Amino acid sequence: MSTNTEQKPTTFIGGAANYLDERLSLGGVLKNFGRKVFPDHWSFMLGEVAMYSFVVLLISGTFLTFFYQPSMASVHYEGSYAPLKGAEMSIAYASSLDISFDIRGGLLMRQVHHWAALLFVAAAGLHMLRVFFTGAFRKPRELNWLVGFFLFLAAMGGGFTGYSLPDDLLSGNGLRIIDGMLKAIPFIGPSISSGLFGGEFPGDEIVARLYSLHIMIIPALIIVLLAVHLMMVIIHKHTHYSGPGKTDENVVGFPLMPVYVAKAGGFFFLVFGVLMAIAATFTINPIWNYGPYDPSPVSAGTQPDWYIGWLDGALRLAPSRMDVELLGVVLPFGVLLPLVISLAFLAVVAAYPFIEKWVTGDDREHHVLDRPRNAPTRTGIGAAGVVFYAVLWAGASTDLIATNFQMNLNQVLTSMQILLIIGPVIAFWVTKRACIALQRKDREIALHGRETGRVVRLPHGEYIEVHEQVDKYELWKLVDFKDYQPTLARPNAQGKITLGSKIRAALSSFYFEDRIAPVSKAEYELAHADHSPAPSVEKPKRKPRELVGKK
Amino acid sequence: MRRRPWAIGFVIFLGLVLSGGGYAAATNVVQAEVSSADQVAEGRKLFLANCASCHGSNGEGAIGGPSLIGVGAASVDFQVGTGRMPGQASGPQLYKKPVQFTEEQISAMAAYVASLAPGPAIPDAEYLKTTGDDIDMTHGSELFRINCAMCHNAVGAGGALTQGKFAPALGGVTEKHIYEAMVTGPQNMPVFNDANLTPEDKRDIIAYLKYVEEADSVGGYELASIGPVAEGLFVWIFGLGFIIAITVWLGAKAN
Ligand code: HEM
């Protein structure tokens, strides 16, 4: 490939690049990849925040593996934390204390690792909400939604296994709860538990097992899923918000190389920096306070990390005394019910794109995102889901709410139980109504412009308020959305209306009965017929379908 | 529930005549220092003026409050010294209020109540020290986790009990009051008598609590020591909040 006529690179970097290119032909790959376009909007960076937190986790976690020892064998602590000197504890706990007190930089690394874990899951969760509320999960991205969902589960799993490694009182209590949940599963539960713990809880194997999960299996899973996730983002290209020139057929933004990559590189360091700053100033998980794990004591304020909180909350909010005896087996519904409800909640989250697609029957590809208000029912469902999750989450801190706001624990618990049921319903209704109201306002603005508050008197004596017409960019945003209509249950080839199609029709009217249609061209022209001068709307290059007239 | 002034005066008079300084001879087996007759008389006076309305004119208990016979000097010293007594009608649990009496007045009332019947005494200074070779803080921290952390949290940050009751945070409570809380078990707290926890055990617990209170926090600011909930809120509000501000800034720069 290299001929005499070709220019030789003169710099070292140039030479190195040439060397690699000649052997690996990376240039072609990079050129292709580098021309991918990534749109710019703050909400598109949330996935990145999660990804960078994960990188921070890998770096700080590697440091921790050098000093942490996953053994439950017992030793007497000889480190420098005075109130535990000489105490009997597991090697795992002692080595975590050593990292905190006796290894240079160890505590900072522990804290960075833990803060990064919390941020990782938080950013992934918010990213998921962004994807949900903008409808980014629609065809062709349903599968990527699923991959993302499993990423989220893996992130939770990674967090939980890590939380349990120091083998302190708090993490032991967490495991005890898991043990209790497993044992509650009828018939097979007890054997699952003893399989996991290598005998009766706590046994002396669980920490080593969690360690392999935590440092090998789960990170590997996350890396693989993340690779697939990002590949799919590249294959599908990123979505964009609606605007002139932004269509379901293109992506508008910056090319990955060099603009985006440079920005992303800088962004990584910003996230890293913020995490380091937090870790250097704020304590997280002060394991020395909790003491070594011992099955008897439980501390007040025993809570899991935030992302497991909703599961703990489900347990706390479930009414007690619900054990039912069946065929000689006690079914502890106080534990089983929350377990089933949580799993069902997760299943709905995972399946949502498929459910919505089935209801709308929409088989087109969507690359332009929805404004949340333009999908009122979906947005309402999302709000209901957020409230449901939030109440469960708050349910995990009923005791802290009671102490810190001087309330009665039992009353807090009862109000949460009620809120868990009616909260989502209210959230759905309020959000949907709010969306529809916003859509009405958009229609008004598209048709008649914005109110300016300026009132003028016309020559013939009439008073009118001057409305300022929106420009074409605004207008596009206001009118560019799909208008679904409820479908009817139709008979199939055999002339029968199946149950499935009845359900589908019911769901369809649940979704689309209340709707606001986007402004059509005819309406727009009518509205502007008596206003002169007509707004100088040049037709956008590719008109939104609705403006073309068909409706 | 308040009595008329003349009634109180009459009760005081009657009390004085009846007791006639006879309490001076009464000794308390559990009590470490022998209180003088004057102190007891002074205590009785204060008691009749401030406490008798609820606890009865001889501490035998009344509608407003329980009997104090046998609760000992430690209980009075704790209750009045932490500002819990004189009680005030309240919800599920009496709150602390600013302390209303001087040290001498409290000792006098304690001496008076102790003179009614033997009960736990105010602890010796030897059990209240927090440094020294014989102190085993590791033992203290272990005892604290086993006996107290389920109500008061692992570092004494406090916790909720059922029906609006709560175990308070233990920061800022004096060594003496911690000891007295253990021996008297105020309100919903169990009593830890010398058979449960020897005076040395109690001393170790106090030493641990004081260590936690005074030691510098190793990991930076502590977020109220209430554990993962505070950490989770922090990461959402400040961590993610700050990062979103950065993303908005980066996004805005592009346009
Ligand atoms: C656990 C860690 C996760 C990481 C590190 C991650 C990372 C990313 C990144 C970097 C992008 C491209 C930029 C962006 O839109 O933010 C992305 C896109 C996407 N993610 Fe995730 N993600 C995670 C979890 C999830 C979850 C939980 C879901 C949903 C269940 C999800 C669904 C999607 C979808 C559908 C896209 C395409 C969005 C679009 O093109 O508009 N991801 N992800």
# chains A, B, ... in the order shown; residues from 1 in each chain; ligands from 1
call {"tool": "residues_around", "arguments": {"residues": "Gly119 (chain B)", "least_positions_apart": "4", "cutoff": "7 Å", "atoms": "only C-alpha atoms", "output": "number ranges by chain"}}
result
B: 30, 70-73, 114
call {"tool": "residues_around", "arguments": {"residues": "Ile503 (chain A)", "least_positions_apart": "3", "cutoff": "12 Å", "atoms": "only C-alpha atoms", "output": "list in words"}}
result
Ile355, Trp358, Val359, Thr487, Leu488, Ala489, Arg490, Ile497, Thr498, Leu499, Gly500, Ala506, Leu507, Ser508, Ser509 and Phe510 of chain A
call {"tool": "interface_residues", "arguments": {"of": "chain B", "to": "chain A", "cutoff": "8 Å", "atoms": "only C-alpha atoms", "output": "PDB file with N, CA and C atoms, in the first residue's frame"}}
result
ATOM      1  N   MET B 137     -12.982   0.098  74.897  1.00  0.00           N
ATOM      2  CA  MET B 137     -13.950   0.684  73.999  1.00  0.00           C
ATOM      3  C   MET B 137     -14.521  -0.336  73.018  1.00  0.00           C
ATOM      4  N   THR B 138     -13.708  -1.302  72.635  1.00  0.00           N
ATOM      5  CA  THR B 138     -14.171  -2.331  71.710  1.00  0.00           C
ATOM      6  C   THR B 138     -15.352  -3.079  72.328  1.00  0.00           C
ATOM      7  N   HIS B 139     -15.173  -3.404  73.616  1.00  0.00           N
ATOM      8  CA  HIS B 139     -16.246  -4.054  74.362  1.00  0.00           C
ATOM      9  C   HIS B 139     -17.468  -3.139  74.404  1.00  0.00           C
ATOM     10  N   GLY B 140     -17.217  -1.856  74.667  1.00  0.00           N
ATOM     11  CA  GLY B 140     -18.307  -0.883  74.738  1.00  0.00           C
ATOM     12  C   GLY B 140     -19.060  -0.793  73.424  1.00  0.00           C
ATOM     13  N   SER B 141     -18.327  -0.765  72.313  1.00  0.00           N
ATOM     14  CA  SER B 141     -19.011  -0.618  71.035  1.00  0.00           C
ATOM     15  C   SER B 141     -19.814  -1.876  70.727  1.00  0.00           C
ATOM     16  N   GLU B 142     -19.289  -3.011  71.115  1.00  0.00           N
ATOM     17  CA  GLU B 142     -20.022  -4.255  70.877  1.00  0.00           C
ATOM     18  C   GLU B 142     -21.303  -4.291  71.719  1.00  0.00           C
ATOM     19  N   ARG B 145     -23.876  -2.040  70.217  1.00  0.00           N
ATOM     20  CA  ARG B 145     -24.556  -2.592  69.040  1.00  0.00           C
ATOM     21  C   ARG B 145     -25.577  -3.642  69.443  1.00  0.00           C
ATOM     22  N   ILE B 146     -25.229  -4.439  70.460  1.00  0.00           N
ATOM     23  CA  ILE B 146     -26.144  -5.506  70.850  1.00  0.00           C
ATOM     24  C   ILE B 146     -27.341  -4.959  71.619  1.00  0.00           C
ATOM     25  N   ASN B 147     -27.100  -3.999  72.520  1.00  0.00           N
ATOM     26  CA  ASN B 147     -28.168  -3.582  73.431  1.00  0.00           C
ATOM     27  C   ASN B 147     -28.905  -2.311  73.044  1.00  0.00           C
ATOM     28  N   ALA B 149     -28.282  -0.278  69.737  1.00  0.00           N
ATOM     29  CA  ALA B 149     -28.312   0.232  68.354  1.00  0.00           C
ATOM     30  C   ALA B 149     -29.663   0.024  67.690  1.00  0.00           C
ATOM     31  N   MET B 150     -30.419  -1.016  68.096  1.00  0.00           N
ATOM     32  CA  MET B 150     -31.689  -1.240  67.413  1.00  0.00           C
ATOM     33  C   MET B 150     -32.657  -0.100  67.638  1.00  0.00           C
ATOM     34  N   CYS B 151     -32.493   0.640  68.722  1.00  0.00           N
ATOM     35  CA  CYS B 151     -33.358   1.805  68.923  1.00  0.00           C
ATOM     36  C   CYS B 151     -32.631   3.106  68.589  1.00  0.00           C
ATOM     37  N   HIS B 152     -31.352   3.182  68.983  1.00  0.00           N
ATOM     38  CA  HIS B 152     -30.658   4.474  68.893  1.00  0.00           C
ATOM     39  C   HIS B 152     -29.772   4.600  67.666  1.00  0.00           C
ATOM     40  N   ASN B 153     -29.686   3.604  66.799  1.00  0.00           N
ATOM     41  CA  ASN B 153     -28.829   3.584  65.602  1.00  0.00           C
ATOM     42  C   ASN B 153     -27.370   3.304  66.013  1.00  0.00           C
ATOM     43  N   ALA B 154     -26.597   2.771  65.090  1.00  0.00           N
ATOM     44  CA  ALA B 154     -25.267   2.258  65.416  1.00  0.00           C
ATOM     45  C   ALA B 154     -24.326   3.302  65.985  1.00  0.00           C
ATOM     46  N   VAL B 155     -24.520   4.555  65.634  1.00  0.00           N
ATOM     47  CA  VAL B 155     -23.674   5.577  66.223  1.00  0.00           C
ATOM     48  C   VAL B 155     -24.487   6.543  67.068  1.00  0.00           C
ATOM     49  N   GLY B 158     -30.105   8.102  66.645  1.00  0.00           N
ATOM     50  CA  GLY B 158     -31.538   8.099  66.955  1.00  0.00           C
ATOM     51  C   GLY B 158     -32.334   7.253  65.985  1.00  0.00           C
ATOM     52  N   GLY B 159     -33.558   6.903  66.386  1.00  0.00           N
ATOM     53  CA  GLY B 159     -34.397   6.078  65.519  1.00  0.00           C
ATOM     54  C   GLY B 159     -35.846   6.145  65.954  1.00  0.00           C
ATOM     55  N   ALA B 160     -36.736   5.624  65.082  1.00  0.00           N
ATOM     56  CA  ALA B 160     -38.168   5.697  65.378  1.00  0.00           C
ATOM     57  C   ALA B 160     -38.618   4.425  66.084  1.00  0.00           C
ATOM     58  N   LEU B 161     -39.550   4.562  67.029  1.00  0.00           N
ATOM     59  CA  LEU B 161     -40.217   3.395  67.608  1.00  0.00           C
ATOM     60  C   LEU B 161     -41.663   3.447  67.137  1.00  0.00           C
ATOM     61  N   THR B 162     -42.474   2.494  67.563  1.00  0.00           N
ATOM     62  CA  THR B 162     -43.855   2.481  67.085  1.00  0.00           C
ATOM     63  C   THR B 162     -44.676   3.611  67.680  1.00  0.00           C
ATOM     64  N   GLN B 163     -45.795   3.909  67.062  1.00  0.00           N
ATOM     65  CA  GLN B 163     -46.799   4.853  67.557  1.00  0.00           C
ATOM     66  C   GLN B 163     -46.236   6.207  67.970  1.00  0.00           C
ATOM     67  N   GLY B 164     -45.380   6.764  67.146  1.00  0.00           N
ATOM     68  CA  GLY B 164     -44.918   8.125  67.395  1.00  0.00           C
ATOM     69  C   GLY B 164     -43.849   8.252  68.460  1.00  0.00           C
ATOM     70  N   LYS B 165     -43.449   7.118  69.056  1.00  0.00           N
ATOM     71  CA  LYS B 165     -42.372   7.209  70.036  1.00  0.00           C
ATOM     72  C   LYS B 165     -41.042   7.119  69.308  1.00  0.00           C
ATOM     73  N   PHE B 166     -40.013   7.582  69.962  1.00  0.00           N
ATOM     74  CA  PHE B 166     -38.720   7.555  69.289  1.00  0.00           C
ATOM     75  C   PHE B 166     -37.603   7.457  70.309  1.00  0.00           C
ATOM     76  N   TYR B 208     -17.368   4.629  74.458  1.00  0.00           N
ATOM     77  CA  TYR B 208     -17.549   4.466  73.018  1.00  0.00           C
ATOM     78  C   TYR B 208     -18.384   5.617  72.448  1.00  0.00           C
ATOM     79  N   TYR B 211     -16.447   8.668  72.263  1.00  0.00           N
ATOM     80  CA  TYR B 211     -15.449   8.599  71.189  1.00  0.00           C
ATOM     81  C   TYR B 211     -16.100   8.965  69.858  1.00  0.00           C
ATOM     82  N   VAL B 218     -13.757  10.532  59.716  1.00  0.00           N
ATOM     83  CA  VAL B 218     -12.642  10.217  58.823  1.00  0.00           C
ATOM     84  C   VAL B 218     -12.950  10.448  57.354  1.00  0.00           C
ATOM     85  N   GLY B 219     -14.194  10.200  56.982  1.00  0.00           N
ATOM     86  CA  GLY B 219     -14.489  10.203  55.543  1.00  0.00           C
ATOM     87  C   GLY B 219     -15.030  11.512  55.015  1.00  0.00           C
ATOM     88  N   GLY B 220     -14.978  12.581  55.771  1.00  0.00           N
ATOM     89  CA  GLY B 220     -15.565  13.839  55.306  1.00  0.00           C
ATOM     90  C   GLY B 220     -16.880  14.094  56.010  1.00  0.00           C
ATOM     91  N   TYR B 221     -17.692  15.002  55.452  1.00  0.00           N
ATOM     92  CA  TYR B 221     -18.964  15.327  56.100  1.00  0.00           C
ATOM     93  C   TYR B 221     -19.838  14.088  56.219  1.00  0.00           C
ATOM     94  N   GLU B 222     -20.609  14.050  57.325  1.00  0.00           N
ATOM     95  CA  GLU B 222     -21.255  12.775  57.634  1.00  0.00           C
ATOM     96  C   GLU B 222     -22.686  12.590  57.164  1.00  0.00           C
ATOM     97  N   LEU B 223     -23.312  13.586  56.611  1.00  0.00           N
ATOM     98  CA  LEU B 223     -24.698  13.445  56.154  1.00  0.00           C
ATOM     99  C   LEU B 223     -25.570  12.871  57.264  1.00  0.00           C
ATOM    100  N   ILE B 226     -27.223   8.992  59.085  1.00  0.00           N
ATOM    101  CA  ILE B 226     -28.408   8.144  59.039  1.00  0.00           C
ATOM    102  C   ILE B 226     -28.327   7.135  57.910  1.00  0.00           C
ATOM    103  N   GLY B 227     -27.158   7.001  57.312  1.00  0.00           N
ATOM    104  CA  GLY B 227     -26.953   5.876  56.423  1.00  0.00           C
ATOM    105  C   GLY B 227     -27.432   6.069  54.998  1.00  0.00           C
ATOM    106  N   PRO B 228     -27.714   4.945  54.331  1.00  0.00           N
ATOM    107  CA  PRO B 228     -27.920   4.931  52.885  1.00  0.00           C
ATOM    108  C   PRO B 228     -29.019   5.851  52.371  1.00  0.00           C
ATOM    109  N   VAL B 229     -30.015   6.157  53.183  1.00  0.00           N
ATOM    110  CA  VAL B 229     -31.087   7.008  52.661  1.00  0.00           C
ATOM    111  C   VAL B 229     -30.556   8.408  52.378  1.00  0.00           C
ATOM    112  N   GLU B 231     -27.522   9.124  51.789  1.00  0.00           N
ATOM    113  CA  GLU B 231     -26.582   9.029  50.670  1.00  0.00           C
ATOM    114  C   GLU B 231     -27.317   9.015  49.336  1.00  0.00           C
ATOM    115  N   GLY B 232     -28.418   8.266  49.296  1.00  0.00           N
ATOM    116  CA  GLY B 232     -29.203   8.187  48.064  1.00  0.00           C
ATOM    117  C   GLY B 232     -29.794   9.544  47.695  1.00  0.00           C
ATOM    118  N   LEU B 233     -30.361  10.219  48.683  1.00  0.00           N
ATOM    119  CA  LEU B 233     -30.920  11.543  48.405  1.00  0.00           C
ATOM    120  C   LEU B 233     -29.825  12.477  47.917  1.00  0.00           C
ATOM    121  N   VAL B 235     -27.076  11.763  46.341  1.00  0.00           N
ATOM    122  CA  VAL B 235     -26.594  11.505  44.977  1.00  0.00           C
ATOM    123  C   VAL B 235     -27.612  11.983  43.947  1.00  0.00           C
ATOM    124  N   TRP B 236     -28.889  11.862  44.259  1.00  0.00           N
ATOM    125  CA  TRP B 236     -29.898  12.325  43.308  1.00  0.00           C
ATOM    126  C   TRP B 236     -29.941  13.834  43.241  1.00  0.00           C
ATOM    127  N   GLY B 239     -25.465  15.178  43.463  1.00  0.00           N
ATOM    128  CA  GLY B 239     -24.604  14.526  42.478  1.00  0.00           C
ATOM    129  C   GLY B 239     -25.181  14.656  41.084  1.00  0.00           C
ATOM    130  N   LEU B 240     -26.338  14.040  40.884  1.00  0.00           N
ATOM    131  CA  LEU B 240     -26.942  14.046  39.559  1.00  0.00           C
ATOM    132  C   LEU B 240     -27.387  15.454  39.192  1.00  0.00           C
ATOM    133  N   ILE B 243     -24.471  17.292  37.868  1.00  0.00           N
ATOM    134  CA  ILE B 243     -24.049  16.781  36.561  1.00  0.00           C
ATOM    135  C   ILE B 243     -25.037  17.187  35.475  1.00  0.00           C
ATOM    136  N   ILE B 244     -26.327  17.222  35.819  1.00  0.00           N
ATOM    137  CA  ILE B 244     -27.292  17.673  34.815  1.00  0.00           C
ATOM    138  C   ILE B 244     -27.043  19.137  34.466  1.00  0.00           C
ATOM    139  N   THR B 247     -24.488  19.051  31.942  1.00  0.00           N
ATOM    140  CA  THR B 247     -24.959  18.622  30.614  1.00  0.00           C
ATOM    141  C   THR B 247     -25.741  19.744  29.941  1.00  0.00           C
ATOM    142  N   VAL B 248     -26.532  20.473  30.736  1.00  0.00           N
ATOM    143  CA  VAL B 248     -27.306  21.563  30.141  1.00  0.00           C
ATOM    144  C   VAL B 248     -26.348  22.622  29.608  1.00  0.00           C
ATOM    145  N   TRP B 249     -25.316  22.853  30.400  1.00  0.00           N
ATOM    146  CA  TRP B 249     -24.318  23.840  29.973  1.00  0.00           C
ATOM    147  C   TRP B 249     -23.644  23.387  28.673  1.00  0.00           C
ATOM    148  N   LEU B 250     -23.238  22.110  28.636  1.00  0.00           N
ATOM    149  CA  LEU B 250     -22.596  21.588  27.429  1.00  0.00           C
ATOM    150  C   LEU B 250     -23.557  21.640  26.245  1.00  0.00           C
ATOM    151  N   GLY B 251     -24.825  21.280  26.494  1.00  0.00           N
ATOM    152  CA  GLY B 251     -25.810  21.290  25.428  1.00  0.00           C
ATOM    153  C   GLY B 251     -26.043  22.706  24.921  1.00  0.00           C
ATOM    154  N   ALA B 252     -26.062  23.665  25.844  1.00  0.00           N
ATOM    155  CA  ALA B 252     -26.330  25.049  25.451  1.00  0.00           C
ATOM    156  C   ALA B 252     -25.178  25.617  24.634  1.00  0.00           C
ATOM    157  N   ALA B 254     -23.529  24.188  22.503  1.00  0.00           N
ATOM    158  CA  ALA B 254     -23.552  23.703  21.130  1.00  0.00           C
ATOM    159  C   ALA B 254     -24.469  24.555  20.263  1.00  0.00           C
TER     160      ALA B 254
END
call {"tool": "atom_distance", "arguments": {"atom1": "atom 15 (O, counted along the ligand's line) of ligand 1", "atom2": "CA of Val224 (chain A)"}}
result
17.7 Å
call {"tool": "residues_near_ligand", "arguments": {"ligand": "ligand 1", "cutoff": "8 Å", "atoms": "only C-alpha atoms and all ligand atoms", "output": "count of residues only"}}
result
54
call {"tool": "atom_distance", "arguments": {"atom1": "CA of Gly162 (chain A)", "atom2": "CA of Gly198 (chain A)"}}
result
18.9 Å
call {"tool": "select_by_dssp", "arguments": {"residues": "region 14-218 of chain B", "states": "strand (DSSP E or B)", "output": "list in words"}}
result
Ala62, Gly65, Gly159, Ala160, Phe166 and Ala167 of chain B
call {"tool": "atom_distance", "arguments": {"atom1": "CA of Lys139 (chain A)", "atom2": "CA of Ile235 (chain A)"}}
result
12.9 Å
call {"tool": "select_by_dssp", "arguments": {"residues": "region 64-218 of chain A", "states": "helix (DSSP H, G or I)", "output": "PyMOL selection string"}}
result
chain A and resi 64-65+82-84+91-101+106-133+142-164+169-184+189-197+206-218
